[in-house]
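Peer 1: For reference, the file run-v5.cif (mmCIF, N, CA and C atoms and all ligand atoms) is included below:
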data_run
loop_
_atom_site.label_atom_id
_atom_site.label_comp_id
_atom_site.auth_asym_id
_atom_site.auth_seq_id
_atom_site.Cartn_x
_atom_site.Cartn_y
_atom_site.Cartn_z
N MET K 243 -11.42 -14.52 -13.27
CA MET K 243 -12.28 -15.66 -12.95
C MET K 243 -11.95 -16.17 -11.55
N THR K 244 -12.98 -16.52 -10.82
CA THR K 244 -12.79 -17.02 -9.46
C THR K 244 -12.46 -18.49 -9.48
N GLU K 245 -11.25 -18.81 -9.09
CA GLU K 245 -10.85 -20.21 -8.96
C GLU K 245 -10.69 -20.53 -7.50
N THR K 246 -11.37 -21.55 -7.04
CA THR K 246 -11.25 -21.92 -5.63
C THR K 246 -9.90 -22.57 -5.42
N GLN K 247 -9.25 -22.14 -4.36
CA GLN K 247 -7.93 -22.68 -4.04
C GLN K 247 -7.96 -23.11 -2.58
N ASN K 248 -7.17 -24.13 -2.26
CA ASN K 248 -7.05 -24.61 -0.88
C ASN K 248 -5.62 -24.49 -0.42
N THR K 249 -5.42 -24.21 0.87
CA THR K 249 -4.10 -24.23 1.45
C THR K 249 -4.14 -24.98 2.77
N LEU K 250 -2.96 -25.45 3.21
CA LEU K 250 -2.86 -26.06 4.53
C LEU K 250 -2.33 -25.02 5.51
N VAL K 251 -3.11 -24.78 6.56
CA VAL K 251 -2.67 -23.96 7.68
C VAL K 251 -2.48 -24.89 8.87
N LEU K 252 -1.38 -24.74 9.56
CA LEU K 252 -1.18 -25.44 10.83
C LEU K 252 -1.06 -24.42 11.94
N VAL K 253 -1.80 -24.63 13.04
CA VAL K 253 -1.51 -23.92 14.28
C VAL K 253 -0.51 -24.82 15.00
N LYS K 254 0.72 -24.33 15.14
CA LYS K 254 1.81 -25.13 15.70
C LYS K 254 1.63 -25.30 17.22
N PRO K 255 2.44 -26.19 17.84
CA PRO K 255 2.24 -26.45 19.28
C PRO K 255 2.35 -25.20 20.16
N ASP K 256 3.13 -24.20 19.76
CA ASP K 256 3.19 -22.96 20.57
C ASP K 256 1.87 -22.22 20.52
N GLY K 257 1.22 -22.21 19.36
CA GLY K 257 -0.07 -21.54 19.23
C GLY K 257 -1.16 -22.23 20.03
N VAL K 258 -1.12 -23.58 20.02
CA VAL K 258 -2.11 -24.35 20.81
C VAL K 258 -1.86 -24.12 22.30
N ALA K 259 -0.57 -24.20 22.72
CA ALA K 259 -0.25 -24.05 24.15
C ALA K 259 -0.60 -22.66 24.67
N ARG K 260 -0.52 -21.66 23.79
CA ARG K 260 -0.81 -20.28 24.21
C ARG K 260 -2.28 -19.90 24.00
N ASN K 261 -3.12 -20.89 23.72
CA ASN K 261 -4.56 -20.65 23.57
C ASN K 261 -4.88 -19.66 22.45
N LEU K 262 -4.14 -19.78 21.34
CA LEU K 262 -4.32 -18.86 20.22
C LEU K 262 -5.04 -19.50 19.02
N ILE K 263 -5.59 -20.70 19.21
CA ILE K 263 -6.31 -21.36 18.10
C ILE K 263 -7.43 -20.45 17.59
N GLY K 264 -8.25 -19.98 18.50
CA GLY K 264 -9.40 -19.16 18.12
C GLY K 264 -8.98 -17.85 17.45
N GLU K 265 -7.97 -17.20 18.02
CA GLU K 265 -7.47 -15.93 17.46
C GLU K 265 -6.97 -16.13 16.03
N ILE K 266 -6.24 -17.23 15.80
CA ILE K 266 -5.67 -17.47 14.46
C ILE K 266 -6.78 -17.81 13.46
N ILE K 267 -7.72 -18.66 13.86
CA ILE K 267 -8.83 -18.98 12.95
C ILE K 267 -9.68 -17.74 12.71
N ALA K 268 -9.87 -16.92 13.74
CA ALA K 268 -10.67 -15.71 13.59
C ALA K 268 -10.06 -14.77 12.55
N ARG K 269 -8.73 -14.68 12.53
CA ARG K 269 -8.08 -13.81 11.54
C ARG K 269 -8.29 -14.35 10.12
N CYS K 270 -8.24 -15.67 9.96
CA CYS K 270 -8.49 -16.28 8.64
C CYS K 270 -9.93 -16.02 8.19
N GLU K 271 -10.86 -16.20 9.11
CA GLU K 271 -12.28 -16.01 8.76
C GLU K 271 -12.60 -14.54 8.54
N ALA K 272 -12.00 -13.66 9.36
CA ALA K 272 -12.26 -12.22 9.20
C ALA K 272 -11.76 -11.72 7.85
N LYS K 273 -10.68 -12.32 7.36
CA LYS K 273 -10.14 -11.96 6.04
C LYS K 273 -11.11 -12.37 4.94
N GLY K 274 -11.94 -13.39 5.21
CA GLY K 274 -12.93 -13.82 4.23
C GLY K 274 -12.74 -15.25 3.73
N TYR K 275 -11.70 -15.93 4.22
CA TYR K 275 -11.47 -17.32 3.81
C TYR K 275 -12.35 -18.25 4.62
N GLN K 276 -12.59 -19.43 4.04
CA GLN K 276 -13.46 -20.42 4.68
C GLN K 276 -12.67 -21.60 5.21
N VAL K 277 -13.00 -22.02 6.41
CA VAL K 277 -12.45 -23.26 6.96
C VAL K 277 -13.28 -24.40 6.38
N THR K 278 -12.63 -25.28 5.59
CA THR K 278 -13.37 -26.37 4.93
C THR K 278 -12.99 -27.75 5.45
N ASN K 279 -11.98 -27.81 6.33
CA ASN K 279 -11.66 -29.05 7.04
C ASN K 279 -10.76 -28.66 8.21
N LEU K 280 -10.85 -29.40 9.31
CA LEU K 280 -10.11 -29.02 10.51
C LEU K 280 -9.95 -30.20 11.45
N LYS K 281 -8.76 -30.36 12.03
CA LYS K 281 -8.61 -31.38 13.07
C LYS K 281 -7.46 -31.04 14.02
N LEU K 282 -7.60 -31.54 15.25
CA LEU K 282 -6.56 -31.43 16.28
C LEU K 282 -5.88 -32.78 16.36
N LEU K 283 -4.55 -32.79 16.26
CA LEU K 283 -3.85 -34.07 16.32
C LEU K 283 -2.45 -33.90 16.88
N GLN K 284 -1.89 -35.02 17.30
CA GLN K 284 -0.49 -35.09 17.73
C GLN K 284 0.26 -35.72 16.54
N PRO K 285 0.96 -34.93 15.73
CA PRO K 285 1.54 -35.49 14.50
C PRO K 285 2.65 -36.50 14.78
N SER K 286 2.70 -37.56 13.98
CA SER K 286 3.76 -38.56 14.11
C SER K 286 5.05 -38.03 13.50
N GLN K 287 6.19 -38.66 13.88
CA GLN K 287 7.49 -38.30 13.31
C GLN K 287 7.47 -38.49 11.79
N GLY K 288 6.78 -39.55 11.35
CA GLY K 288 6.72 -39.83 9.91
C GLY K 288 6.00 -38.74 9.14
N LEU K 289 4.88 -38.30 9.69
CA LEU K 289 4.13 -37.21 9.05
C LEU K 289 4.97 -35.94 8.99
N LEU K 290 5.64 -35.63 10.09
CA LEU K 290 6.45 -34.40 10.13
C LEU K 290 7.66 -34.49 9.19
N ALA K 291 8.27 -35.67 9.11
CA ALA K 291 9.41 -35.85 8.20
C ALA K 291 8.98 -35.64 6.76
N ALA K 292 7.80 -36.16 6.40
CA ALA K 292 7.29 -35.98 5.04
C ALA K 292 6.94 -34.51 4.80
N HIS K 293 6.27 -33.90 5.79
CA HIS K 293 5.85 -32.51 5.64
C HIS K 293 7.04 -31.58 5.44
N TYR K 294 8.11 -31.80 6.22
CA TYR K 294 9.27 -30.89 6.20
C TYR K 294 10.46 -31.48 5.44
N ALA K 295 10.22 -32.39 4.48
CA ALA K 295 11.30 -33.05 3.73
C ALA K 295 12.26 -32.05 3.09
N GLU K 296 11.73 -30.91 2.62
CA GLU K 296 12.58 -29.90 1.95
C GLU K 296 13.65 -29.33 2.87
N HIS K 297 13.45 -29.44 4.19
CA HIS K 297 14.40 -28.84 5.15
C HIS K 297 15.39 -29.85 5.73
N GLU K 298 15.31 -31.11 5.31
CA GLU K 298 16.21 -32.13 5.83
C GLU K 298 17.66 -31.72 5.59
N GLY K 299 18.49 -31.87 6.63
CA GLY K 299 19.90 -31.50 6.51
C GLY K 299 20.22 -30.09 6.99
N LYS K 300 19.20 -29.24 7.13
CA LYS K 300 19.45 -27.88 7.63
C LYS K 300 19.64 -27.91 9.15
N PRO K 301 20.36 -26.93 9.71
CA PRO K 301 20.66 -26.96 11.15
C PRO K 301 19.43 -26.92 12.04
N PHE K 302 18.34 -26.34 11.56
CA PHE K 302 17.13 -26.25 12.39
C PHE K 302 16.17 -27.42 12.17
N TYR K 303 16.59 -28.39 11.30
CA TYR K 303 15.65 -29.47 10.94
C TYR K 303 15.21 -30.31 12.15
N GLN K 304 16.18 -30.88 12.90
CA GLN K 304 15.80 -31.75 14.02
C GLN K 304 15.08 -30.94 15.13
N PRO K 305 15.58 -29.74 15.49
CA PRO K 305 14.82 -28.92 16.44
C PRO K 305 13.38 -28.64 15.96
N LEU K 306 13.21 -28.47 14.64
CA LEU K 306 11.88 -28.22 14.09
C LEU K 306 10.97 -29.44 14.26
N ILE K 307 11.51 -30.62 13.95
CA ILE K 307 10.72 -31.85 14.11
C ILE K 307 10.39 -32.07 15.60
N ASP K 308 11.37 -31.84 16.47
CA ASP K 308 11.13 -32.02 17.92
C ASP K 308 10.08 -31.04 18.42
N PHE K 309 10.18 -29.79 18.00
CA PHE K 309 9.20 -28.78 18.40
C PHE K 309 7.80 -29.14 17.91
N MET K 310 7.70 -29.55 16.64
CA MET K 310 6.39 -29.84 16.06
C MET K 310 5.74 -31.09 16.67
N SER K 311 6.59 -31.97 17.26
CA SER K 311 6.01 -33.15 17.91
C SER K 311 5.88 -32.97 19.42
N SER K 312 6.09 -31.75 19.91
CA SER K 312 6.07 -31.50 21.36
C SER K 312 4.66 -31.31 21.92
N GLY K 313 3.66 -31.25 21.06
CA GLY K 313 2.30 -31.04 21.55
C GLY K 313 1.30 -31.17 20.41
N SER K 314 0.08 -30.78 20.68
CA SER K 314 -0.96 -30.87 19.67
C SER K 314 -0.82 -29.77 18.62
N VAL K 315 -1.29 -30.12 17.43
CA VAL K 315 -1.29 -29.21 16.28
C VAL K 315 -2.72 -29.17 15.74
N VAL K 316 -3.16 -28.01 15.28
CA VAL K 316 -4.44 -27.93 14.59
C VAL K 316 -4.16 -27.80 13.10
N ALA K 317 -4.68 -28.75 12.33
CA ALA K 317 -4.55 -28.71 10.87
C ALA K 317 -5.85 -28.18 10.28
N ILE K 318 -5.70 -27.21 9.39
CA ILE K 318 -6.87 -26.53 8.81
C ILE K 318 -6.72 -26.50 7.30
N GLN K 319 -7.77 -26.90 6.60
CA GLN K 319 -7.84 -26.62 5.16
C GLN K 319 -8.58 -25.31 5.00
N LEU K 320 -7.89 -24.31 4.44
CA LEU K 320 -8.48 -22.98 4.27
C LEU K 320 -8.71 -22.76 2.78
N THR K 321 -9.86 -22.19 2.45
CA THR K 321 -10.31 -22.14 1.05
C THR K 321 -10.70 -20.73 0.63
N GLY K 322 -10.31 -20.39 -0.61
CA GLY K 322 -10.72 -19.11 -1.20
C GLY K 322 -9.84 -18.76 -2.38
N HIS K 323 -10.25 -17.85 -3.20
CA HIS K 323 -9.45 -17.39 -4.34
C HIS K 323 -8.14 -16.77 -3.82
N ARG K 324 -7.01 -17.28 -4.28
CA ARG K 324 -5.65 -16.82 -3.91
C ARG K 324 -5.34 -16.97 -2.42
N VAL K 325 -5.94 -18.00 -1.81
CA VAL K 325 -5.75 -18.19 -0.35
C VAL K 325 -4.31 -18.56 0.03
N ILE K 326 -3.59 -19.22 -0.88
CA ILE K 326 -2.21 -19.63 -0.54
C ILE K 326 -1.36 -18.38 -0.27
N GLU K 327 -1.39 -17.47 -1.21
CA GLU K 327 -0.68 -16.19 -1.07
C GLU K 327 -1.28 -15.35 0.06
N GLY K 328 -2.59 -15.36 0.14
CA GLY K 328 -3.28 -14.54 1.15
C GLY K 328 -2.97 -14.97 2.57
N PHE K 329 -2.92 -16.29 2.81
CA PHE K 329 -2.59 -16.70 4.18
C PHE K 329 -1.13 -16.42 4.50
N ARG K 330 -0.22 -16.59 3.54
CA ARG K 330 1.19 -16.27 3.79
C ARG K 330 1.33 -14.79 4.19
N SER K 331 0.51 -13.95 3.58
CA SER K 331 0.51 -12.54 3.92
C SER K 331 -0.03 -12.30 5.34
N LEU K 332 -1.10 -13.01 5.68
CA LEU K 332 -1.64 -12.91 7.05
C LEU K 332 -0.63 -13.41 8.09
N ALA K 333 0.13 -14.45 7.74
CA ALA K 333 1.07 -15.06 8.69
C ALA K 333 2.27 -14.16 8.95
N GLY K 334 2.79 -13.52 7.91
CA GLY K 334 3.97 -12.67 8.06
C GLY K 334 5.26 -13.45 7.90
N ALA K 335 6.37 -12.75 8.03
CA ALA K 335 7.70 -13.34 7.79
C ALA K 335 8.00 -14.46 8.77
N THR K 336 8.88 -15.38 8.33
CA THR K 336 9.26 -16.54 9.13
C THR K 336 9.81 -16.14 10.50
N ASP K 337 10.67 -15.12 10.51
CA ASP K 337 11.29 -14.66 11.76
C ASP K 337 10.32 -13.69 12.46
N PRO K 338 9.78 -14.09 13.61
CA PRO K 338 8.73 -13.26 14.24
C PRO K 338 9.23 -11.90 14.71
N THR K 339 10.54 -11.76 14.88
CA THR K 339 11.07 -10.44 15.28
C THR K 339 10.90 -9.41 14.17
N VAL K 340 11.03 -9.86 12.92
CA VAL K 340 10.92 -8.91 11.80
C VAL K 340 9.57 -9.00 11.09
N ALA K 341 8.74 -9.96 11.47
CA ALA K 341 7.41 -10.06 10.87
C ALA K 341 6.65 -8.75 11.16
N ALA K 342 5.98 -8.24 10.14
CA ALA K 342 5.33 -6.93 10.27
C ALA K 342 4.22 -6.96 11.32
N PRO K 343 4.10 -5.90 12.11
CA PRO K 343 2.92 -5.76 12.96
C PRO K 343 1.67 -5.83 12.09
N GLY K 344 0.62 -6.43 12.61
CA GLY K 344 -0.58 -6.65 11.82
C GLY K 344 -0.68 -8.09 11.32
N THR K 345 0.47 -8.78 11.28
CA THR K 345 0.47 -10.19 10.89
C THR K 345 0.39 -11.07 12.14
N ILE K 346 0.05 -12.34 11.93
CA ILE K 346 -0.07 -13.29 13.05
C ILE K 346 1.27 -13.39 13.78
N ARG K 347 2.35 -13.62 13.01
CA ARG K 347 3.66 -13.77 13.64
C ARG K 347 4.17 -12.44 14.22
N GLY K 348 3.85 -11.35 13.55
CA GLY K 348 4.30 -10.03 14.01
C GLY K 348 3.58 -9.56 15.26
N ASP K 349 2.30 -9.87 15.36
CA ASP K 349 1.51 -9.43 16.52
C ASP K 349 1.63 -10.38 17.71
N LEU K 350 1.73 -11.68 17.43
CA LEU K 350 1.56 -12.67 18.50
C LEU K 350 2.83 -13.47 18.80
N GLY K 351 3.83 -13.35 17.93
CA GLY K 351 5.05 -14.16 18.08
C GLY K 351 6.25 -13.35 18.51
N ARG K 352 7.25 -14.04 19.01
CA ARG K 352 8.53 -13.42 19.33
C ARG K 352 9.62 -14.49 19.23
N ASP K 353 10.87 -14.07 19.26
CA ASP K 353 12.01 -14.97 19.27
C ASP K 353 12.27 -15.35 20.71
N TRP K 354 12.33 -16.67 20.97
CA TRP K 354 12.59 -17.15 22.33
C TRP K 354 14.04 -17.59 22.51
N GLY K 355 14.88 -17.33 21.50
CA GLY K 355 16.29 -17.67 21.59
C GLY K 355 16.57 -19.16 21.49
N LEU K 356 15.70 -19.90 20.80
CA LEU K 356 15.85 -21.35 20.66
C LEU K 356 16.45 -21.70 19.30
N LYS K 357 16.75 -22.99 19.09
CA LYS K 357 17.39 -23.42 17.84
C LYS K 357 16.43 -23.36 16.65
N VAL K 358 15.15 -23.34 16.93
CA VAL K 358 14.16 -23.22 15.85
C VAL K 358 13.20 -22.09 16.21
N GLN K 359 12.79 -21.33 15.23
CA GLN K 359 11.81 -20.28 15.47
C GLN K 359 10.44 -20.90 15.77
N GLN K 360 9.84 -20.48 16.86
CA GLN K 360 8.47 -20.90 17.18
C GLN K 360 7.58 -19.76 16.71
N ASN K 361 6.97 -19.94 15.56
CA ASN K 361 6.27 -18.82 14.92
C ASN K 361 4.79 -19.09 14.66
N LEU K 362 4.21 -19.94 15.48
CA LEU K 362 2.76 -20.09 15.63
C LEU K 362 2.01 -20.80 14.51
N VAL K 363 2.38 -20.52 13.26
CA VAL K 363 1.60 -21.07 12.14
C VAL K 363 2.48 -21.55 11.01
N HIS K 364 1.93 -22.48 10.24
CA HIS K 364 2.48 -22.89 8.94
C HIS K 364 1.44 -22.56 7.88
N GLY K 365 1.91 -22.15 6.72
CA GLY K 365 1.04 -22.02 5.55
C GLY K 365 1.76 -22.51 4.32
N SER K 366 1.09 -23.30 3.48
CA SER K 366 1.69 -23.81 2.24
C SER K 366 2.20 -22.64 1.40
N ASP K 367 3.31 -22.90 0.65
CA ASP K 367 3.93 -21.79 -0.10
C ASP K 367 3.69 -21.81 -1.61
N SER K 368 2.96 -22.80 -2.13
CA SER K 368 2.68 -22.88 -3.58
C SER K 368 1.52 -23.85 -3.77
N THR K 369 0.98 -23.88 -4.97
CA THR K 369 -0.13 -24.82 -5.24
C THR K 369 0.36 -26.26 -5.11
N GLU K 370 1.60 -26.52 -5.56
CA GLU K 370 2.15 -27.88 -5.46
C GLU K 370 2.30 -28.28 -4.00
N SER K 371 2.85 -27.38 -3.18
CA SER K 371 3.01 -27.67 -1.75
C SER K 371 1.65 -27.88 -1.09
N ALA K 372 0.69 -27.05 -1.42
CA ALA K 372 -0.63 -27.15 -0.80
C ALA K 372 -1.27 -28.50 -1.08
N GLU K 373 -1.20 -28.94 -2.34
CA GLU K 373 -1.80 -30.23 -2.69
C GLU K 373 -1.09 -31.37 -1.98
N ARG K 374 0.23 -31.30 -1.96
CA ARG K 374 1.04 -32.35 -1.31
C ARG K 374 0.76 -32.38 0.19
N GLU K 375 0.76 -31.21 0.83
CA GLU K 375 0.60 -31.14 2.28
C GLU K 375 -0.83 -31.51 2.71
N LEU K 376 -1.83 -31.06 1.95
CA LEU K 376 -3.21 -31.41 2.32
C LEU K 376 -3.42 -32.92 2.24
N ALA K 377 -2.79 -33.56 1.26
CA ALA K 377 -2.91 -35.02 1.14
C ALA K 377 -2.24 -35.73 2.32
N LEU K 378 -1.18 -35.12 2.86
CA LEU K 378 -0.49 -35.72 4.02
C LEU K 378 -1.33 -35.59 5.29
N TRP K 379 -1.93 -34.43 5.51
CA TRP K 379 -2.57 -34.11 6.80
C TRP K 379 -4.04 -34.52 6.85
N PHE K 380 -4.69 -34.65 5.66
CA PHE K 380 -6.13 -35.00 5.65
C PHE K 380 -6.39 -36.27 4.84
P1 LIG H 401 7.91 -20.73 6.67
O1 LIG H 401 7.25 -21.45 7.83
O2 LIG H 401 7.82 -19.25 6.82
O3 LIG H 401 7.45 -21.25 5.33
P2 LIG H 401 10.33 -22.29 6.21
O4 LIG H 401 9.49 -23.23 5.41
O5 LIG H 401 11.55 -21.73 5.55
O6 LIG H 401 9.48 -21.07 6.77
O7 LIG H 401 10.85 -23.03 7.55
C1 LIG H 401 9.98 -23.88 8.28
C2 LIG H 401 10.06 -23.51 9.73
O8 LIG H 401 11.39 -23.75 10.23
C3 LIG H 401 9.81 -22.04 10.02
O9 LIG H 401 8.43 -21.75 10.16
C4 LIG H 401 10.57 -21.81 11.30
C5 LIG H 401 11.77 -22.72 11.14
N1 LIG H 401 12.93 -22.00 10.57
C6 LIG H 401 13.11 -21.66 9.26
N2 LIG H 401 14.29 -21.04 9.07
C7 LIG H 401 14.87 -20.98 10.29
C8 LIG H 401 16.12 -20.48 10.77
N3 LIG H 401 17.00 -19.91 9.94
N4 LIG H 401 16.37 -20.57 12.09
C9 LIG H 401 15.51 -21.16 12.94
N5 LIG H 401 14.33 -21.69 12.55
C10 LIG H 401 14.00 -21.60 11.25
MG MG H 402 7.65 -23.19 4.53
#
Take the structure from the file and write it as structure tokens.

Peer 2:
Amino acid sequence: MTETQNTLVLVKPDGVARNLIGEIIARCEAKGYQVTNLKLLQPSQGLLAAHYAEHEGKPFYQPLIDFMSSGSVVAIQLTGHRVIEGFRSLAGATDPTVAAPGTIRGDLGRDWGLKVQQNLVHGSDSTESAERELALWF
């Protein structure tokens, strides 16, 4: 049975700065998913702290918050059957050096030797995360 599912995709500040918004959305649309909400914003510290609460206390936490507030972010609600899993597959592994070629991070990302990986996109990792994150960003 076809159940519509939503996920939160973020084009991170590195993706926006590198003019990859269109390329990233094109890959989502080419896969067959639908963009059902979208906005460009400069996220507040509060929004980012709530979004990344699970990572508080980790060594990359503050660098991650600083990086995510360093520029504009595009927030996208992406919709389709099994889109949460499907977008994670399109995005590839967290570490862009080992992310498979063919994925967004594998094709377009690299390690810049910084305290936090700049890997172009975020995608929700479960239905619970997707619902929580979409409520935060939209
Ligand atoms: P993902 O974005 O693949 O879901 P995550 O939720 O574990 O990964 O971490 C959030 C972001 O934090 C990730 O996109 C990049 C950064 N990050 C994660 N683990 C890291 C690490 N070990 N070193 C540097 N940055 C890391
Ligand atoms: Mg994550």

Peer 1: Enumerate as a CSV table (one decimal) with N, CA and C atoms, keeping the file's coordinate frame the residues within 8 Å of ligand LIG 401 (chain H), counting all atoms listed in the file.

Peer 2:
chain,number,residue,atom,x,y,z
K,294,TYR,N,8.1,-31.8,6.2
K,294,TYR,CA,9.3,-30.9,6.2
K,294,TYR,C,10.5,-31.5,5.4
K,296,GLU,N,11.7,-30.9,2.6
K,296,GLU,CA,12.6,-29.9,2.0
K,296,GLU,C,13.6,-29.3,2.9
K,297,HIS,N,13.4,-29.4,4.2
K,297,HIS,CA,14.4,-28.8,5.2
K,297,HIS,C,15.4,-29.8,5.7
K,301,PRO,N,20.4,-26.9,9.7
K,301,PRO,CA,20.7,-27.0,11.2
K,301,PRO,C,19.4,-26.9,12.0
K,302,PHE,N,18.3,-26.3,11.6
K,302,PHE,CA,17.1,-26.2,12.4
K,302,PHE,C,16.2,-27.4,12.2
K,303,TYR,N,16.6,-28.4,11.3
K,303,TYR,CA,15.6,-29.5,10.9
K,303,TYR,C,15.2,-30.3,12.2
K,305,PRO,N,15.6,-29.7,15.5
K,305,PRO,CA,14.8,-28.9,16.4
K,305,PRO,C,13.4,-28.6,16.0
K,306,LEU,N,13.2,-28.5,14.6
K,306,LEU,CA,11.9,-28.2,14.1
K,306,LEU,C,11.0,-29.4,14.3
K,307,ILE,N,11.5,-30.6,14.0
K,307,ILE,CA,10.7,-31.8,14.1
K,307,ILE,C,10.4,-32.1,15.6
K,330,ARG,N,-0.2,-16.6,3.5
K,330,ARG,CA,1.2,-16.3,3.8
K,330,ARG,C,1.3,-14.8,4.2
K,333,ALA,N,0.1,-14.4,7.7
K,333,ALA,CA,1.1,-15.1,8.7
K,333,ALA,C,2.3,-14.2,9.0
K,334,GLY,N,2.8,-13.5,7.9
K,334,GLY,CA,4.0,-12.7,8.1
K,334,GLY,C,5.3,-13.4,7.9
K,335,ALA,N,6.4,-12.8,8.0
K,335,ALA,CA,7.7,-13.3,7.8
K,335,ALA,C,8.0,-14.5,8.8
K,336,THR,N,8.9,-15.4,8.3
K,336,THR,CA,9.3,-16.5,9.1
K,336,THR,C,9.8,-16.1,10.5
K,337,ASP,N,10.7,-15.1,10.5
K,337,ASP,CA,11.3,-14.7,11.8
K,337,ASP,C,10.3,-13.7,12.5
K,356,LEU,N,15.7,-19.9,20.8
K,356,LEU,CA,15.8,-21.4,20.7
K,356,LEU,C,16.4,-21.7,19.3
K,357,LYS,N,16.8,-23.0,19.1
K,357,LYS,CA,17.4,-23.4,17.8
K,357,LYS,C,16.4,-23.4,16.6
K,358,VAL,N,15.2,-23.3,16.9
K,358,VAL,CA,14.2,-23.2,15.8
K,358,VAL,C,13.2,-22.1,16.2
K,359,GLN,N,12.8,-21.3,15.2
K,359,GLN,CA,11.8,-20.3,15.5
K,359,GLN,C,10.4,-20.9,15.8
K,360,GLN,N,9.8,-20.5,16.9
K,360,GLN,CA,8.5,-20.9,17.2
K,360,GLN,C,7.6,-19.8,16.7
K,361,ASN,N,7.0,-19.9,15.6
K,361,ASN,CA,6.3,-18.8,14.9
K,361,ASN,C,4.8,-19.1,14.7
K,362,LEU,N,4.2,-19.9,15.5
K,362,LEU,CA,2.8,-20.1,15.6
K,362,LEU,C,2.0,-20.8,14.5
K,363,VAL,N,2.4,-20.5,13.3
K,363,VAL,CA,1.6,-21.1,12.1
K,363,VAL,C,2.5,-21.6,11.0
K,364,HIS,N,1.9,-22.5,10.2
K,364,HIS,CA,2.5,-22.9,8.9
K,364,HIS,C,1.4,-22.6,7.9
K,365,GLY,N,1.9,-22.2,6.7
K,365,GLY,CA,1.0,-22.0,5.6
K,365,GLY,C,1.8,-22.5,4.3
K,366,SER,N,1.1,-23.3,3.5
K,366,SER,CA,1.7,-23.8,2.2
K,366,SER,C,2.2,-22.6,1.4
K,367,ASP,N,3.3,-22.9,0.6
K,367,ASP,CA,3.9,-21.8,-0.1
K,367,ASP,C,3.7,-21.8,-1.6

Peer 1: For atom N of Glu327 (chain K) and atom C of Gly355 (chain K), determine how far apart the two atoms are, in Å to one decimal place.

Peer 2: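 Taking atom N of Glu327 (chain K) and atom C of Gly355 (chain K), their separation equals 29.0 Å.
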
Peer 1: I want to know what sits within 6.5 Å of Ala317 (chain K), based on only N, CA and C atoms, with residues of the same chain fewer than 6 positions away left out; could you give that as number ranges by chain?

Peer 2: K: 251-253, 279-283

Peer 1: With N, CA and C atoms kept, could you save the residues just selected as an mmCIF file, in the coordinates of the input?

Peer 2:
data_model
loop_
_atom_site.group_PDB
_atom_site.id
_atom_site.type_symbol
_atom_site.label_atom_id
_atom_site.label_comp_id
_atom_site.auth_asym_id
_atom_site.auth_seq_id
_atom_site.Cartn_x
_atom_site.Cartn_y
_atom_site.Cartn_z
ATOM 1 N N VAL K 251 -3.110 -24.780 6.560
ATOM 2 C CA VAL K 251 -2.670 -23.960 7.680
ATOM 3 C C VAL K 251 -2.480 -24.890 8.870
ATOM 4 N N LEU K 252 -1.380 -24.740 9.560
ATOM 5 C CA LEU K 252 -1.180 -25.440 10.830
ATOM 6 C C LEU K 252 -1.060 -24.420 11.940
ATOM 7 N N VAL K 253 -1.800 -24.630 13.040
ATOM 8 C CA VAL K 253 -1.510 -23.920 14.280
ATOM 9 C C VAL K 253 -0.510 -24.820 15.000
ATOM 10 N N ASN K 279 -11.980 -27.810 6.330
ATOM 11 C CA ASN K 279 -11.660 -29.050 7.040
ATOM 12 C C ASN K 279 -10.760 -28.660 8.210
ATOM 13 N N LEU K 280 -10.850 -29.400 9.310
ATOM 14 C CA LEU K 280 -10.110 -29.020 10.510
ATOM 15 C C LEU K 280 -9.950 -30.200 11.450
ATOM 16 N N LYS K 281 -8.760 -30.360 12.030
ATOM 17 C CA LYS K 281 -8.610 -31.380 13.070
ATOM 18 C C LYS K 281 -7.460 -31.040 14.020
ATOM 19 N N LEU K 282 -7.600 -31.540 15.250
ATOM 20 C CA LEU K 282 -6.560 -31.430 16.280
ATOM 21 C C LEU K 282 -5.880 -32.780 16.360
ATOM 22 N N LEU K 283 -4.550 -32.790 16.260
ATOM 23 C CA LEU K 283 -3.850 -34.070 16.320
ATOM 24 C C LEU K 283 -2.450 -33.900 16.880
#

Peer 1: Let me make sure I understand: among K:Asp308, K:Ala259, K:Ala295, K:Trp379, which one has the smallest atom-to-atom distance to ligand MG 402 (chain H) if we use only C-alpha atoms and all ligand atoms?

Peer 2: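 Counting only C-alpha atoms and all ligand atoms, the residue closest to ligand MG 402 (chain H) is K:Ala295.
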
Peer 1: Rank K:Ser371, K:Thr244, K:Ser331, K:Gln287 by their smallest atom-to-atom distance to ligand MG 402 (chain H), using only C-alpha atoms and all ligand atoms, and report the top residue only.

Peer 2: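 The closest residue to ligand MG 402 (chain H) is K:Ser371.
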
Peer 1: Find the residue from K:Ile266, K:Asn248, K:Thr321, K:His293 that sits nearest to Glu373 (chain K); use all atoms listed in the file when measuring.

Peer 2: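 Looking at the shortest contact to Glu373 (chain K), the residue is K:Asn248.
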
Peer 1: Considering only C-alpha atoms and all ligand atoms, can you say which of K:Ile263, K:Phe380, K:Glu375, K:Gln284 comes closest to ligand MG 402 (chain H)?

Peer 2: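 Nearest candidate to ligand MG 402 (chain H) out of K:Ile263, K:Phe380, K:Glu375, K:Gln284: K:Glu375.
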
Peer 1: Measuring between only C-alpha atoms, which one of K:Gln319, K:Val277, K:Pro255, K:Gly351 shows the shortest distance to Leu376 (chain K)?

Peer 2: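 Of K:Gln319, K:Val277, K:Pro255, K:Gly351, the one nearest Leu376 (chain K), counting only C-alpha atoms, is K:Gln319.
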